[in-house]
Amino acid sequence: MSNYSVELQTTVYNALIGNNPLTTKLGGNNIYDFVPENTSFPYVKVGDQTMVDDGTKDKKGSDFTLIVHTFSRYRGSKEIKEIMSLIYDVLHESSLSVSGASNNMRFEFSDIIKESDGLTTHGMQRFRVFVLTN
């Protein structure tokens, strides 16, 4: 049995990288699981997630939370809010295909903070995803 963790991350990554308005706003395919050193801003990091069993008597299922991080050095918050809005548009209420399982993804909350370097703005969006085997 798969818990769909890797498949979910791959599906979300592919949906984001395949969204032309998002990659245009990022200035390229700046969407990562592991962010290389000296990566130019802005960029998006996908990968943080939690998972709990949410199956039924006859179907296996998982309840995930997935956090998408956005980083920007733009002076002010306009750029990061625009990027986060594009991510929201791609993922919220989406039913992206996850390896033969049905799913539903919903936005839960977001937060925007200034990093301790005083230059980098960090946006976080959490999405909840229910994956149930067909």
# chains A, B, ... in the order shown; residues from 1 in each chain; ligands from 1
$ select_by_dssp --residues "chain A" --states "helix (DSSP H, G or I)" --output "ChimeraX atom specification"
/A:5-17,20-26,78-91
$ residues_around --residues "Asp33 in chain A" --least-positions-apart "2" --cutoff "8 Å" --atoms "only C-alpha atoms" --output "list in words"
Ile31, Val35, Lys45, Val46 and Gly47 of chain A
$ residues_around --residues "Asp48 in chain A" --least-positions-apart "4" --cutoff "9 Å" --atoms "only C-alpha atoms" --output "short mmCIF file (atom, residue, chain, number, x, y, z; two decimals) with C-alpha atoms, in the first residue's frame"
data_model
loop_
_atom_site.label_atom_id
_atom_site.label_comp_id
_atom_site.auth_asym_id
_atom_site.auth_seq_id
_atom_site.Cartn_x
_atom_site.Cartn_y
_atom_site.Cartn_z
CA ASP A 33 11.95 20.54 -3.04
CA THR A 65 -1.31 18.85 5.26
CA LEU A 66 1.07 20.33 2.72
CA ILE A 67 2.98 23.58 3.23
CA VAL A 68 4.16 25.63 0.27
CA HIS A 69 6.82 28.23 1.10
#
$ residues_around --residues "range 24-27 of chain A" --least-positions-apart "2" --cutoff "12 Å" --atoms "only C-alpha atoms" --output "PyMOL selection string"
chain A and resi 16-22+29-32+39-45+70-74+78-87
$ select_by_dssp --residues "range 36-109 of chain A" --states "strand (DSSP E or B)" --output "NGL selection string"
:A and (43-53 or 61-72 or 98 or 101-109)
$ residues_around --residues "Leu8 in chain A" --least-positions-apart "4" --cutoff "8 Å" --atoms "only C-alpha atoms" --output "CSV table (one decimal) with N, CA and C atoms, in the first residue's frame"
chain,number,residue,atom,x,y,z
A,4,TYR,N,0.9,7.6,-0.5
A,4,TYR,CA,0.7,8.6,-1.5
A,4,TYR,C,1.5,9.9,-1.2
A,12,VAL,N,1.8,17.9,-6.9
A,12,VAL,CA,1.7,19.3,-6.6
A,12,VAL,C,2.8,20.1,-7.3
A,98,VAL,N,-3.7,11.8,-8.2
A,98,VAL,CA,-2.6,11.3,-7.4
A,98,VAL,C,-2.6,9.7,-7.5
$ atom_distance --atom1 "CA of Thr121 in chain A" --atom2 "CA of Arg75 in chain A"
8.8 Å
$ atom_distance --atom1 "CA of Asp111 in chain A" --atom2 "CA of Ser97 in chain A"
27.2 Å
